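Report on the structure given below.
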Amino acid sequence: MKKLFKFILNTIPRPILIRLSIVVRPILAFLLKGNRFTDPIDGKSFRMFLPYGYGTQRNNVLSPSTLSLERHRLLWLYLKNETDFFTNTEKKKILHFAPEQEFYKRFKKQSNIDYTTTDLFSPLADVKADICNLPFEDNSYDIIFCNHVLEHIPDDTKAMQELYRVLKPGGMGIFQIPQDLSRAVTFSDDSITDPKERAKIFGQYDHVRVYGRDYFDKLRSIGFKVSEVDYTNKIAPELVEKYCLAKGEILPVCYK
């Protein structure tokens with residue numbers, strides 16, 4: 001199964017994968033029913049989660065029902081337990097880059113948010129836009145989600161500046177990235193062009209860097225106030241395992 005999933009991820013373009021997954025998802029959820037692992041996003045349980053990874057495959061990380069990964073489930077739990085995102089009665093403007101399927105329909109249904117999605121290629125995007133040149137006014141959004149996007153962007157400084165520009169003063173942004181916390185400094189090398197080699201070194205064929213611990217300071221240099229939230233430390237160890245979370249993953253929660 002690992003080899004099959006790796007082949008699919010590295011062969012089929014992401015927009016097509018998104019469309020195909022809508023059909024395949026209910027079949028996978030039915031076949032893998034069980035009680036070992038639970039997806040906190042929809043509360044459904046399974047005997048196993050699916051493997052995932054463009055380079056090195058990780059076991060038991062992809063939820064069969066929502067197709068969420070560790071980072072999505074962690075973000076969901078943080079929003080649910082530590083913020084008023086789902087309960088606030090004052091309508092807020094939300095901007096979501098490269099909207100994930102596990103969130104898209106749920107956020108769309110929320111009456112307490114004015115929800116806009118954006119991306120250059122995603123079929124789920126309301127607005128097709130370049131993150132380095134956004135068509136939105138200054139200080140437009142209360143909350144911005146931009147998760148696992150910046151590692152694809154050659155000029156991530158410009159992208160961060162645009163995120164800062166369109167976020168309202170006092171607003172919150174969560175900008176997750178794949179991060180190697182053993183690295184002090186972010187690594188990039190434009191001379192590596194072979195897709196297989198890029199997947200091996202950067203974790204995915206279309207990534208342009210591996211972020212280190214300096215990621216948070218780069219966000220601060222743009223103007224953000226950054227909280228480095230290790231939210232798995234607030235979750236019981238047995239639930240970290242049951243929800244298939246990545247122990248020690250840091251949520252970059254940013255404020256303007």
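Chain lettering (A, B, ...) mirrors the order of the structure tokens, residue numbering begins at 1 for each chain separately, and ligand numbering begins at 1 in order of display.
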
Hey, which bits of stretch 166-201 of chain A sit within 12 Å of stretch 223-231 of chain A, and for each residue what's the closest pair of atoms and how far apart in Å (one decimal), counting only C-alpha atoms, rows by chain and increasing number, as a tab-separated table?
residue	atom	partner	partner_atom	distance
A:Leu167	CA	A:Phe224	CA	10.1
A:Lys168	CA	A:Phe224	CA	11.5
A:Pro169	CA	A:Phe224	CA	10.2
A:Gly170	CA	A:Lys225	CA	10.0
A:Gly171	CA	A:Phe224	CA	10.1
A:Met172	CA	A:Phe224	CA	9.4
A:Gly173	CA	A:Phe224	CA	9.1
A:Ile174	CA	A:Val226	CA	9.5
A:Phe175	CA	A:Val226	CA	10.2
A:Gln176	CA	A:Glu228	CA	10.7
A:Leu181	CA	A:Glu228	CA	12.0

>> Could you list, as a PyMOL selection string, every residue within 12 Å of stretch 183-196 of chain A, counting only C-alpha atoms and ignoring same-chain residues fewer than 2 positions away?
In response: chain A and resi 6-7+10-11+54-56+151-156+177-181+198-218

>> Just list as an NGL selection string whatever in stretch 62-133 of chain A DSSP marks as alpha helix (DSSP H).
In response: :A and (70-82 or 101-108)

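Of the listed residues A:Leu69, A:Asn112, A:His148, A:Ser63, the one whose atoms come nearest to A:Thr87 is A:Asn112, with distances taken using only C-alpha atoms.
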
Every residue of stretch 139-197 of chain A that DSSP places in strand (DSSP E or B), as a PDB file with all heavy atoms, in the first residue's frame:
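Saved the output as out.pdb:
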ATOM      1  N   TYR A 141      -8.640  41.081   6.724  1.00  0.00           N
ATOM      2  CA  TYR A 141      -9.100  39.814   7.296  1.00  0.00           C
ATOM      3  C   TYR A 141      -8.764  39.690   8.783  1.00  0.00           C
ATOM      4  O   TYR A 141      -7.676  40.045   9.232  1.00  0.00           O
ATOM      5  CB  TYR A 141      -8.497  38.642   6.522  1.00  0.00           C
ATOM      6  CG  TYR A 141      -9.067  38.557   5.127  1.00  0.00           C
ATOM      7  CD1 TYR A 141      -8.412  39.148   4.044  1.00  0.00           C
ATOM      8  CD2 TYR A 141     -10.285  37.934   4.889  1.00  0.00           C
ATOM      9  CE1 TYR A 141      -8.944  39.094   2.763  1.00  0.00           C
ATOM     10  CE2 TYR A 141     -10.830  37.875   3.614  1.00  0.00           C
ATOM     11  CZ  TYR A 141     -10.164  38.455   2.562  1.00  0.00           C
ATOM     12  OH  TYR A 141     -10.700  38.424   1.307  1.00  0.00           O
ATOM     13  N   ASP A 142      -9.725  39.118   9.518  1.00  0.00           N
ATOM     14  CA  ASP A 142      -9.543  38.876  10.954  1.00  0.00           C
ATOM     15  C   ASP A 142      -8.651  37.670  11.210  1.00  0.00           C
ATOM     16  O   ASP A 142      -7.888  37.639  12.178  1.00  0.00           O
ATOM     17  CB  ASP A 142     -10.899  38.639  11.629  1.00  0.00           C
ATOM     18  CG  ASP A 142     -11.813  39.841  11.543  1.00  0.00           C
ATOM     19  OD1 ASP A 142     -11.556  40.825  12.255  1.00  0.00           O
ATOM     20  OD2 ASP A 142     -12.784  39.796  10.753  1.00  0.00           O
ATOM     21  N   ILE A 143      -8.797  36.650  10.378  1.00  0.00           N
ATOM     22  CA  ILE A 143      -8.024  35.412  10.532  1.00  0.00           C
ATOM     23  C   ILE A 143      -7.554  34.938   9.159  1.00  0.00           C
ATOM     24  O   ILE A 143      -8.313  34.976   8.192  1.00  0.00           O
ATOM     25  CB  ILE A 143      -8.866  34.295  11.191  1.00  0.00           C
ATOM     26  CG1 ILE A 143      -9.328  34.717  12.601  1.00  0.00           C
ATOM     27  CG2 ILE A 143      -8.087  32.981  11.266  1.00  0.00           C
ATOM     28  CD1 ILE A 143     -10.285  33.736  13.253  1.00  0.00           C
ATOM     29  N   ILE A 144      -6.294  34.504   9.101  1.00  0.00           N
ATOM     30  CA  ILE A 144      -5.753  33.943   7.863  1.00  0.00           C
ATOM     31  C   ILE A 144      -5.156  32.567   8.162  1.00  0.00           C
ATOM     32  O   ILE A 144      -4.370  32.413   9.096  1.00  0.00           O
ATOM     33  CB  ILE A 144      -4.662  34.841   7.253  1.00  0.00           C
ATOM     34  CG1 ILE A 144      -5.233  36.214   6.873  1.00  0.00           C
ATOM     35  CG2 ILE A 144      -4.058  34.175   6.020  1.00  0.00           C
ATOM     36  CD1 ILE A 144      -4.202  37.184   6.341  1.00  0.00           C
ATOM     37  N   PHE A 145      -5.553  31.593   7.355  1.00  0.00           N
ATOM     38  CA  PHE A 145      -4.926  30.266   7.395  1.00  0.00           C
ATOM     39  C   PHE A 145      -4.079  30.109   6.137  1.00  0.00           C
ATOM     40  O   PHE A 145      -4.573  30.270   5.019  1.00  0.00           O
ATOM     41  CB  PHE A 145      -5.974  29.158   7.440  1.00  0.00           C
ATOM     42  CG  PHE A 145      -6.862  29.182   8.655  1.00  0.00           C
ATOM     43  CD1 PHE A 145      -8.239  29.283   8.521  1.00  0.00           C
ATOM     44  CD2 PHE A 145      -6.326  29.096   9.932  1.00  0.00           C
ATOM     45  CE1 PHE A 145      -9.060  29.307   9.630  1.00  0.00           C
ATOM     46  CE2 PHE A 145      -7.145  29.119  11.048  1.00  0.00           C
ATOM     47  CZ  PHE A 145      -8.516  29.224  10.899  1.00  0.00           C
ATOM     48  N   CYS A 146      -2.815  29.793   6.337  1.00  0.00           N
ATOM     49  CA  CYS A 146      -1.915  29.576   5.203  1.00  0.00           C
ATOM     50  C   CYS A 146      -0.973  28.444   5.595  1.00  0.00           C
ATOM     51  O   CYS A 146       0.122  28.671   6.108  1.00  0.00           O
ATOM     52  CB  CYS A 146      -1.135  30.852   4.888  1.00  0.00           C
ATOM     53  SG  CYS A 146      -0.017  30.692   3.484  1.00  0.00           S
ATOM     54  N   LEU A 167      -3.823  41.175   6.712  1.00  0.00           N
ATOM     55  CA  LEU A 167      -4.346  40.844   8.035  1.00  0.00           C
ATOM     56  C   LEU A 167      -4.692  42.122   8.794  1.00  0.00           C
ATOM     57  O   LEU A 167      -3.952  43.101   8.765  1.00  0.00           O
ATOM     58  CB  LEU A 167      -3.309  40.043   8.830  1.00  0.00           C
ATOM     59  CG  LEU A 167      -3.746  39.504  10.199  1.00  0.00           C
ATOM     60  CD1 LEU A 167      -4.862  38.473  10.067  1.00  0.00           C
ATOM     61  CD2 LEU A 167      -2.543  38.913  10.941  1.00  0.00           C
ATOM     62  N   LYS A 168      -5.838  42.114   9.458  1.00  0.00           N
ATOM     63  CA  LYS A 168      -6.247  43.280  10.233  1.00  0.00           C
ATOM     64  C   LYS A 168      -5.363  43.447  11.469  1.00  0.00           C
ATOM     65  O   LYS A 168      -4.871  42.461  12.027  1.00  0.00           O
ATOM     66  CB  LYS A 168      -7.701  43.124  10.710  1.00  0.00           C
ATOM     67  CG  LYS A 168      -8.750  43.246   9.634  1.00  0.00           C
ATOM     68  CD  LYS A 168     -10.139  43.117  10.258  1.00  0.00           C
ATOM     69  CE  LYS A 168     -11.249  43.232   9.213  1.00  0.00           C
ATOM     70  NZ  LYS A 168     -12.594  43.087   9.836  1.00  0.00           N
ATOM     71  N   PRO A 169      -5.158  44.677  11.939  1.00  0.00           N
ATOM     72  CA  PRO A 169      -4.486  44.874  13.221  1.00  0.00           C
ATOM     73  C   PRO A 169      -5.246  44.119  14.314  1.00  0.00           C
ATOM     74  O   PRO A 169      -6.468  44.206  14.404  1.00  0.00           O
ATOM     75  CB  PRO A 169      -4.568  46.389  13.435  1.00  0.00           C
ATOM     76  CG  PRO A 169      -4.657  46.956  12.051  1.00  0.00           C
ATOM     77  CD  PRO A 169      -5.478  45.966  11.274  1.00  0.00           C
ATOM     78  N   GLY A 170      -4.523  43.352  15.109  1.00  0.00           N
ATOM     79  CA  GLY A 170      -5.156  42.523  16.124  1.00  0.00           C
ATOM     80  C   GLY A 170      -5.605  41.170  15.603  1.00  0.00           C
ATOM     81  O   GLY A 170      -6.061  40.320  16.368  1.00  0.00           O
ATOM     82  N   GLY A 171      -5.488  40.961  14.280  1.00  0.00           N
ATOM     83  CA  GLY A 171      -5.906  39.706  13.676  1.00  0.00           C
ATOM     84  C   GLY A 171      -4.922  38.573  13.932  1.00  0.00           C
ATOM     85  O   GLY A 171      -3.783  38.795  14.366  1.00  0.00           O
ATOM     86  N   MET A 172      -5.373  37.348  13.658  1.00  0.00           N
ATOM     87  CA  MET A 172      -4.571  36.153  13.906  1.00  0.00           C
ATOM     88  C   MET A 172      -4.322  35.399  12.604  1.00  0.00           C
ATOM     89  O   MET A 172      -5.233  35.251  11.781  1.00  0.00           O
ATOM     90  CB  MET A 172      -5.291  35.220  14.889  1.00  0.00           C
ATOM     91  CG  MET A 172      -4.547  33.914  15.175  1.00  0.00           C
ATOM     92  SD  MET A 172      -5.466  32.767  16.250  1.00  0.00           S
ATOM     93  CE  MET A 172      -6.679  32.119  15.073  1.00  0.00           C
ATOM     94  N   GLY A 173      -3.106  34.930  12.429  1.00  0.00           N
ATOM     95  CA  GLY A 173      -2.781  34.065  11.310  1.00  0.00           C
ATOM     96  C   GLY A 173      -2.124  32.796  11.813  1.00  0.00           C
ATOM     97  O   GLY A 173      -1.351  32.838  12.779  1.00  0.00           O
ATOM     98  N   ILE A 174      -2.446  31.665  11.205  1.00  0.00           N
ATOM     99  CA  ILE A 174      -1.752  30.415  11.520  1.00  0.00           C
ATOM    100  C   ILE A 174      -1.112  29.927  10.234  1.00  0.00           C
ATOM    101  O   ILE A 174      -1.796  29.657   9.242  1.00  0.00           O
ATOM    102  CB  ILE A 174      -2.710  29.367  12.116  1.00  0.00           C
ATOM    103  CG1 ILE A 174      -3.288  29.892  13.442  1.00  0.00           C
ATOM    104  CG2 ILE A 174      -1.974  28.043  12.336  1.00  0.00           C
ATOM    105  CD1 ILE A 174      -4.217  28.927  14.146  1.00  0.00           C
ATOM    106  N   GLN A 179       8.572  21.476   9.036  1.00  0.00           N
ATOM    107  CA  GLN A 179       9.706  22.087   9.725  1.00  0.00           C
ATOM    108  C   GLN A 179      10.590  21.026  10.344  1.00  0.00           C
ATOM    109  O   GLN A 179      10.103  20.072  10.961  1.00  0.00           O
ATOM    110  CB  GLN A 179       9.186  23.030  10.823  1.00  0.00           C
ATOM    111  CG  GLN A 179      10.250  23.853  11.512  1.00  0.00           C
ATOM    112  CD  GLN A 179       9.637  24.862  12.477  1.00  0.00           C
ATOM    113  OE1 GLN A 179       8.535  24.645  12.985  1.00  0.00           O
ATOM    114  NE2 GLN A 179      10.331  25.950  12.726  1.00  0.00           N
ATOM    115  N   PHE A 187      17.084  25.564   5.103  1.00  0.00           N
ATOM    116  CA  PHE A 187      17.943  25.104   4.008  1.00  0.00           C
ATOM    117  C   PHE A 187      17.213  25.176   2.678  1.00  0.00           C
ATOM    118  O   PHE A 187      16.050  24.767   2.556  1.00  0.00           O
ATOM    119  CB  PHE A 187      18.384  23.656   4.252  1.00  0.00           C
ATOM    120  CG  PHE A 187      19.089  23.035   3.076  1.00  0.00           C
ATOM    121  CD1 PHE A 187      20.392  23.380   2.758  1.00  0.00           C
ATOM    122  CD2 PHE A 187      18.431  22.111   2.266  1.00  0.00           C
ATOM    123  CE1 PHE A 187      21.039  22.821   1.664  1.00  0.00           C
ATOM    124  CE2 PHE A 187      19.073  21.541   1.175  1.00  0.00           C
ATOM    125  CZ  PHE A 187      20.382  21.897   0.879  1.00  0.00           C
TER     126      PHE A 187
END

> atom CA of A:Lys33 and atom CA of A:Arg47 are how many Å apart?
Replying inline: 5.8 Å

>> Using Å and a single decimal, report how far atom CA of A:Lys80 sits from atom CA of A:Leu95.
In response: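 Atom CA of A:Lys80 lies at a distance of 18.0 Å from atom CA of A:Leu95.
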
Contact table stretch 64-148 of chain A vs stretch 232-253 of chain A, cut-off 9 Å, shortest pair per residue, only C-alpha atoms, as JSON lines:
{"residue": "A:Leu69", "atom": "CA", "partner": "A:Leu245", "partner_atom": "CA", "distance": 8.2}
{"residue": "A:Glu70", "atom": "CA", "partner": "A:Leu245", "partner_atom": "CA", "distance": 4.7}
{"residue": "A:Arg71", "atom": "CA", "partner": "A:Leu245", "partner_atom": "CA", "distance": 7.3}
{"residue": "A:Arg73", "atom": "CA", "partner": "A:Leu245", "partner_atom": "CA", "distance": 7.1}
{"residue": "A:Leu74", "atom": "CA", "partner": "A:Leu245", "partner_atom": "CA", "distance": 6.6}
{"residue": "A:Leu75", "atom": "CA", "partner": "A:Leu251", "partner_atom": "CA", "distance": 7.7}
{"residue": "A:Tyr78", "atom": "CA", "partner": "A:Leu251", "partner_atom": "CA", "distance": 8.9}

Residues of the last selection are to be written out with N, CA and C atoms, as a PDB file, in the first residue's frame.
ATOM      1  N   LEU A  69      -4.351  15.083   7.772  1.00  0.00           N
ATOM      2  CA  LEU A  69      -3.047  14.639   8.237  1.00  0.00           C
ATOM      3  C   LEU A  69      -2.844  15.119   9.672  1.00  0.00           C
ATOM      4  N   GLU A  70      -1.681  14.808  10.239  1.00  0.00           N
ATOM      5  CA  GLU A  70      -1.408  15.177  11.623  1.00  0.00           C
ATOM      6  C   GLU A  70      -1.621  16.667  11.867  1.00  0.00           C
ATOM      7  N   ARG A  71      -1.110  17.480  10.925  1.00  0.00           N
ATOM      8  CA  ARG A  71      -1.166  18.931  11.103  1.00  0.00           C
ATOM      9  C   ARG A  71      -2.596  19.458  11.085  1.00  0.00           C
ATOM     10  N   ARG A  73      -5.368  17.793  12.034  1.00  0.00           N
ATOM     11  CA  ARG A  73      -6.047  17.418  13.275  1.00  0.00           C
ATOM     12  C   ARG A  73      -5.558  18.259  14.443  1.00  0.00           C
ATOM     13  N   LEU A  74      -4.261  18.584  14.434  1.00  0.00           N
ATOM     14  CA  LEU A  74      -3.718  19.441  15.492  1.00  0.00           C
ATOM     15  C   LEU A  74      -4.334  20.836  15.418  1.00  0.00           C
ATOM     16  N   LEU A  75      -4.427  21.392  14.211  1.00  0.00           N
ATOM     17  CA  LEU A  75      -5.017  22.716  14.042  1.00  0.00           C
ATOM     18  C   LEU A  75      -6.477  22.713  14.471  1.00  0.00           C
ATOM     19  N   TYR A  78      -6.725  22.737  18.218  1.00  0.00           N
ATOM     20  CA  TYR A  78      -6.338  24.043  18.753  1.00  0.00           C
ATOM     21  C   TYR A  78      -7.468  25.059  18.576  1.00  0.00           C
TER      22      TYR A  78
END

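Using only C-alpha atoms, the residues found no farther than 6 Å from A:Val61, other than those of its own chain fewer than 3 positions away, are Phe49, Leu50, Pro51 and Leu69 of chain A.
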
>> For stretch 123-133 of chain A, find every residue with an atom within 6 Å (counting only C-alpha atoms), except residues of its own chain fewer than 6 positions away, and show them as a ChimeraX atom specification.
In response: /A:117,158-159
